[in-house]
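What follows is the content of query-v3.cif (mmCIF, C-alpha atoms and all ligand atoms).
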```cif
data_my_file
#
loop_
_atom_site.label_atom_id
_atom_site.label_comp_id
_atom_site.auth_asym_id
_atom_site.auth_seq_id
_atom_site.Cartn_x
_atom_site.Cartn_y
_atom_site.Cartn_z
CA MET A 1 242.40 178.49 150.27
CA GLU A 2 240.02 177.22 152.97
CA ALA A 3 241.51 175.89 156.22
CA TYR A 4 240.41 172.34 155.46
CA GLN A 5 242.07 172.39 152.03
CA LYS A 6 245.35 173.41 153.65
CA LEU A 7 245.14 170.28 155.81
CA LEU A 8 245.02 168.03 152.75
CA GLN A 9 247.87 169.90 151.11
CA LYS A 10 250.04 169.75 154.23
CA ASN A 11 249.20 166.09 154.67
CA LYS A 12 250.68 165.28 151.23
CA ILE A 13 253.85 167.21 152.07
CA TRP A 14 254.14 165.49 155.47
CA ALA A 15 253.60 162.00 154.02
CA SER A 16 256.27 162.46 151.36
CA GLU A 17 258.70 163.88 153.93
CA GLN A 18 258.22 160.82 156.15
CA VAL A 19 258.89 158.47 153.25
CA SER A 20 261.98 160.36 152.09
CA GLU A 21 263.40 160.24 155.64
CA ASP A 22 262.43 156.62 156.23
CA PRO A 23 261.05 154.56 153.33
CA GLU A 24 259.71 151.88 155.72
CA TYR A 25 257.84 154.40 157.92
CA PHE A 26 254.26 153.69 156.86
CA LEU A 27 254.84 149.99 156.19
CA ARG A 28 256.00 149.59 159.78
CA LEU A 29 253.18 151.65 161.34
CA ASN A 30 250.59 149.91 159.23
CA LYS A 31 251.54 146.52 160.69
CA LEU A 32 251.55 147.28 164.37
CA GLN A 33 250.02 149.46 167.04
CA ALA A 34 251.77 149.01 170.37
CA PRO A 35 251.55 152.26 172.34
CA GLU A 36 252.55 152.11 176.01
CA ILE A 37 250.52 155.15 176.95
CA LEU A 38 246.86 156.14 177.02
CA TRP A 39 246.38 159.90 177.04
CA ILE A 40 243.12 161.40 178.29
CA GLY A 41 243.30 165.09 177.46
CA CYS A 42 241.19 168.15 176.74
CA SER A 43 239.74 168.75 173.26
CA ASP A 44 241.30 172.24 173.32
CA SER A 45 243.16 172.82 170.03
CA ARG A 46 246.15 174.23 171.90
CA VAL A 47 246.91 170.95 173.68
CA PRO A 48 247.81 168.35 171.03
CA ALA A 49 249.05 165.29 172.91
CA ASP A 50 251.80 164.26 170.51
CA ARG A 51 253.15 167.73 169.73
CA ILE A 52 253.59 168.84 173.35
CA THR A 53 255.21 165.54 174.33
CA GLY A 54 257.40 165.16 171.24
CA THR A 55 255.96 161.73 170.52
CA GLN A 56 255.48 160.03 167.16
CA PRO A 57 252.49 158.22 165.62
CA GLY A 58 252.22 154.82 167.29
CA GLU A 59 253.37 155.98 170.72
CA ILE A 60 250.20 157.30 172.39
CA PHE A 61 246.61 156.08 172.32
CA VAL A 62 244.46 159.18 172.69
CA HIS A 63 241.05 160.13 174.05
CA ARG A 64 240.07 163.77 174.31
CA ASN A 65 236.96 165.51 175.59
CA ILE A 66 236.07 168.85 177.13
CA SER A 67 238.18 169.27 180.30
CA ASN A 68 239.60 165.71 180.20
CA LEU A 69 236.85 164.09 182.24
CA VAL A 70 236.47 160.44 183.23
CA VAL A 71 232.69 160.05 183.46
CA PRO A 72 231.52 156.55 184.42
CA THR A 73 228.56 156.64 182.00
CA ASP A 74 230.66 157.77 179.03
CA LEU A 75 230.59 154.77 176.68
CA ASN A 76 233.19 156.40 174.44
CA LEU A 77 235.72 156.86 177.25
CA LEU A 78 235.03 153.42 178.71
CA SER A 79 235.50 151.73 175.32
CA VAL A 80 238.82 153.51 174.79
CA LEU A 81 239.88 152.63 178.34
CA GLN A 82 238.97 148.97 178.02
CA PHE A 83 240.70 148.60 174.66
CA ALA A 84 243.82 150.40 175.89
CA VAL A 85 244.07 148.33 179.07
CA GLU A 86 242.87 144.89 177.97
CA VAL A 87 244.04 144.73 174.35
CA LEU A 88 246.94 147.18 174.04
CA HIS A 89 248.11 146.58 177.64
CA VAL A 90 249.27 150.17 178.09
CA ARG A 91 251.68 150.68 180.99
CA HIS A 92 250.63 154.23 181.82
CA ILE A 93 247.47 156.31 181.66
CA ILE A 94 247.88 160.06 181.74
CA VAL A 95 245.03 162.46 182.47
CA CYS A 96 246.29 165.83 181.26
CA GLY A 97 244.45 169.04 182.04
CA HIS A 98 245.64 172.51 181.15
CA HIS A 99 245.57 175.99 182.58
CA ASN A 100 243.16 178.44 180.96
CA CYS A 101 240.69 175.62 180.18
CA GLY A 102 237.30 176.86 178.95
CA GLY A 103 235.43 174.01 180.65
CA ILE A 104 236.99 174.84 184.01
CA ALA A 105 236.10 178.53 183.60
CA ALA A 106 232.53 177.63 182.63
CA ALA A 107 232.20 175.45 185.74
CA MET A 108 233.06 178.43 187.97
CA GLU A 109 230.39 180.60 186.34
CA HIS A 110 226.65 180.63 186.78
CA LYS A 111 225.64 180.65 183.14
CA SER A 112 223.86 178.06 181.05
CA HIS A 113 225.74 176.78 178.01
CA GLY A 114 222.92 174.55 176.81
CA LEU A 115 223.49 170.82 176.49
CA MET A 116 227.03 171.24 177.76
CA ASP A 117 225.71 172.09 181.23
CA GLN A 118 225.34 168.36 181.91
CA TRP A 119 229.03 167.82 181.11
CA ILE A 120 230.24 170.88 183.06
CA TRP A 121 228.20 169.59 186.00
CA ASN A 122 230.94 166.99 186.56
CA ILE A 123 233.51 169.76 187.06
CA LYS A 124 231.20 171.58 189.47
CA ASN A 125 231.16 168.33 191.49
CA VAL A 126 234.96 168.50 191.72
CA TYR A 127 234.70 172.10 192.92
CA ARG A 128 232.18 171.06 195.57
CA ILE A 129 234.51 168.33 196.90
CA HIS A 130 237.49 170.74 197.12
CA ARG A 131 235.64 174.01 197.75
CA ASP A 132 237.43 174.76 201.03
CA GLU A 133 240.91 174.59 199.46
CA ILE A 134 239.92 176.32 196.23
CA ASP A 135 238.13 179.22 197.93
CA GLN A 136 241.29 180.05 199.89
CA ALA A 137 242.89 181.29 196.67
CA LYS A 138 242.86 185.07 196.38
CA THR A 139 242.12 185.60 192.71
CA GLU A 140 239.66 184.00 190.31
CA GLU A 141 242.59 182.93 188.14
CA GLU A 142 244.23 181.11 191.06
CA LYS A 143 240.91 179.44 191.84
CA ARG A 144 240.65 178.19 188.27
CA HIS A 145 244.23 176.90 188.45
CA LEU A 146 243.46 175.01 191.64
CA LEU A 147 240.25 173.59 190.18
CA THR A 148 242.24 172.47 187.12
CA GLU A 149 244.62 170.53 189.39
CA TYR A 150 241.88 169.04 191.56
CA ASN A 151 239.93 168.13 188.45
CA VAL A 152 242.86 166.12 187.09
CA LYS A 153 243.25 164.40 190.46
CA GLU A 154 239.54 163.48 190.63
CA GLN A 155 239.60 162.10 187.08
CA VAL A 156 242.56 159.87 188.00
CA LEU A 157 240.60 158.69 191.05
CA ASN A 158 237.62 158.05 188.76
CA LEU A 159 239.79 155.79 186.60
CA ALA A 160 240.77 153.78 189.68
CA LYS A 161 237.09 153.30 190.56
CA THR A 162 236.35 151.48 187.29
CA SER A 163 236.22 147.69 187.14
CA ILE A 164 238.57 147.90 184.13
CA ILE A 165 241.41 149.42 186.19
CA GLN A 166 240.73 147.40 189.34
CA ASN A 167 240.76 144.20 187.30
CA ALA A 168 244.03 145.15 185.57
CA TRP A 169 245.66 146.14 188.87
CA LYS A 170 244.73 142.78 190.35
CA ASN A 171 245.90 140.65 187.43
CA GLN A 172 248.72 142.60 185.75
CA GLN A 173 249.88 145.19 188.32
CA LEU A 174 249.37 147.72 185.52
CA PRO A 175 248.70 150.44 184.41
CA HIS A 176 250.11 153.28 186.49
CA LEU A 177 247.92 156.39 186.57
CA HIS A 178 249.21 159.95 186.29
CA GLY A 179 247.59 163.39 186.59
CA TRP A 180 249.34 166.19 184.73
CA VAL A 181 248.62 169.86 184.02
CA TYR A 182 249.96 171.57 180.91
CA ASP A 183 250.76 175.26 181.28
CA LEU A 184 249.81 177.15 178.12
CA ARG A 185 252.01 180.07 179.19
CA ASP A 186 255.34 178.26 179.01
CA GLY A 187 254.52 174.92 177.36
CA ILE A 188 255.62 172.95 180.43
CA ILE A 189 253.71 169.93 181.77
CA ASN A 190 253.61 169.67 185.57
CA PRO A 191 252.81 166.32 187.18
CA VAL A 192 250.33 166.92 190.03
CA PHE A 193 249.08 163.48 191.09
CA GLU A 194 250.07 159.84 190.76
CA MET A 195 248.52 156.46 191.47
CA PRO A 196 250.94 153.59 190.88
CA ALA A 197 249.15 150.33 190.07
CA GLY A 198 247.71 148.79 193.21
CA THR A 199 247.30 152.06 195.14
CA SER A 200 244.46 151.64 197.59
CA ILE A 201 241.29 153.58 196.93
CA ASP A 202 238.38 154.73 199.06
CA PRO A 203 236.94 151.38 200.27
CA ILE A 204 233.42 152.23 199.13
CA TYR A 205 234.63 151.92 195.51
CA GLU A 206 236.52 148.63 195.99
CA LEU A 207 235.22 145.77 193.84
CA ASN A 208 236.25 142.61 195.68
CA ASN A 209 234.70 140.02 193.36
CA LEU A 210 236.83 140.71 190.25
CO CO B 301 240.38 172.61 178.15
#
```

How does this structure look as structure tokens?
Amino acid sequence: MEAYQKLLQKNKIWASEQVSEDPEYFLRLNKLQAPEILWIGCSDSRVPADRITGTQPGEIFVHRNISNLVVPTDLNLLSVLQFAVEVLHVRHIIVCGHHNCGGIAAAMEHKSHGLMDQWIWNIKNVYRIHRDEIDQAKTEEEKRHLLTEYNVKEQVLNLAKTSIIQNAWKNQQLPHLHGWVYDLRDGIINPVFEMPAGTSIDPIYELNNL
């Protein structure tokens, strides 16, 4: 059996299990989507947002891309962000990176990966901002770990630079922003950075006419 066929088979088993445990399960979910959390994570197959957080369908609104980046020209990310903040009114946004991330490793190398170079470029920018701290690490692995943490921090800062977040902070005192790193070696998520709603940002990014 091909991998994709297994998905369909397992889906049928899962759906019938849900109904036997709770006959109203799909009726309820079908009516309402009210997640309190937006998750911006890496596309890596080993970091499924709901599995590693023990959450159920309906609890997290999810956006994933390579190395969990918040790029201000990314229409996909911005659309998800605007919908999550202005329509769903999420209370928290989590940017979750992970150790042993392929995008982070690629950013530390000097190799072309084709089209993806333009995406990885954003991670190289994070390295450039934090080069002094990162280069103090002794091993390449430690450097990648540090870049993973600084990358998450910079992506949270990028969220705060958007008009969507600044507008929401001004009018709703929400959402709170969190930067986390998931450790593939033990399955534990470590919070590394936090911006409660209303945290001041570098003045050059302040939008005072919202
Ligand atoms: Co990754």

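Using only C-alpha atoms and all ligand atoms, residues with at least one atom at most 10 Å away from any atom of ligand CO 301 (chain B) are Gly41, Cys42, Ser43, Asp44, Ser45, Arg46, Val47, Arg64, Asn65, Ile66, Ser67, Asn68, Cys96, Gly97, His98, His99, Asn100, Cys101, Gly102, Gly103, Ile104, Ala105 and Thr148 of chain A.
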
Selection above as a file: C-alpha atoms, as a CSV table (one decimal), in the frame of the given file:
```
chain,number,residue,atom,x,y,z
A,41,GLY,CA,243.3,165.1,177.5
A,42,CYS,CA,241.2,168.2,176.7
A,43,SER,CA,239.7,168.8,173.3
A,44,ASP,CA,241.3,172.2,173.3
A,45,SER,CA,243.2,172.8,170.0
A,46,ARG,CA,246.2,174.2,171.9
A,47,VAL,CA,246.9,171.0,173.7
A,64,ARG,CA,240.1,163.8,174.3
A,65,ASN,CA,237.0,165.5,175.6
A,66,ILE,CA,236.1,168.8,177.1
A,67,SER,CA,238.2,169.3,180.3
A,68,ASN,CA,239.6,165.7,180.2
A,96,CYS,CA,246.3,165.8,181.3
A,97,GLY,CA,244.4,169.0,182.0
A,98,HIS,CA,245.6,172.5,181.2
A,99,HIS,CA,245.6,176.0,182.6
A,100,ASN,CA,243.2,178.4,181.0
A,101,CYS,CA,240.7,175.6,180.2
A,102,GLY,CA,237.3,176.9,179.0
A,103,GLY,CA,235.4,174.0,180.6
A,104,ILE,CA,237.0,174.8,184.0
A,105,ALA,CA,236.1,178.5,183.6
A,148,THR,CA,242.2,172.5,187.1
```

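Proximity of A:Met1, A:Leu210, A:Ile164, A:Ile129 to A:Val80, computed with only C-alpha atoms, is greatest for A:Ile164.
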
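Proximity of A:Gln155, A:Asn122, A:His145, A:Trp39 to A:His92, computed with only C-alpha atoms, is greatest for A:Trp39.
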
Item to check | Top pick for closest residue to A:Thr73, considering A:Thr162, A:His113, A:Val126, A:Gln173 and counting all atoms listed in the file | outcome: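 Comparing A:Thr162, A:His113, A:Val126, A:Gln173 against A:Thr73, the winner is A:Thr162.
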
Checklist entry - What is the atom CA of A:Tyr182 to atom CA of A:Tyr205 distance in Å? => result 28.9 Å

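Proximity of A:Phe193, A:Asp183, A:Pro175, A:Glu24 to A:Leu81, computed with all atoms listed in the file, is greatest for A:Pro175.
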
Item to check | Shell around A:His130 at 10 Å using all atoms listed in the file, local window under 6 positions removed, as a list of chain:residue names | outcome: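 Skipping anything fewer than 6 positions along the chain leaves A:Lys124, A:Leu146, A:Leu147, A:Tyr150, A:Asn151, A:Glu154.
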
Saved selection, atoms kept: C-alpha atoms, as a PDB file, keeping the file's coordinate frame:
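Generated output (again16.pdb):
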```pdb
ATOM      1  CA  LYS A 124     231.200 171.580 189.470  1.00  0.00           C
ATOM      2  CA  LEU A 146     243.460 175.010 191.640  1.00  0.00           C
ATOM      3  CA  LEU A 147     240.250 173.590 190.180  1.00  0.00           C
ATOM      4  CA  TYR A 150     241.880 169.040 191.560  1.00  0.00           C
ATOM      5  CA  ASN A 151     239.930 168.130 188.450  1.00  0.00           C
ATOM      6  CA  GLU A 154     239.540 163.480 190.630  1.00  0.00           C
TER       7      GLU A 154
END
```

Checklist entry - When you draw a straight line from atom CA of A:Asn11 to atom CA of A:Ile40, how long is it in Å? => result 24.8 Å

Item to check | Radius query 10 Å about (237.8, 151.1, 180.6), atoms used: only C-alpha atoms, as a count of residues only | outcome: 23

Checklist entry - Closest to A:Ala197 among A:Lys10, A:Lys143, A:Arg185, A:Lys170, using only C-alpha atoms? => result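 Checking each of A:Lys10, A:Lys143, A:Arg185, A:Lys170 against A:Ala197, counting only C-alpha atoms, the winner is A:Lys170.
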
Item to check | Gap from atom CA of A:Val62 to atom CA of A:Met195 - Å, one decimal | outcome: 19.4 Å
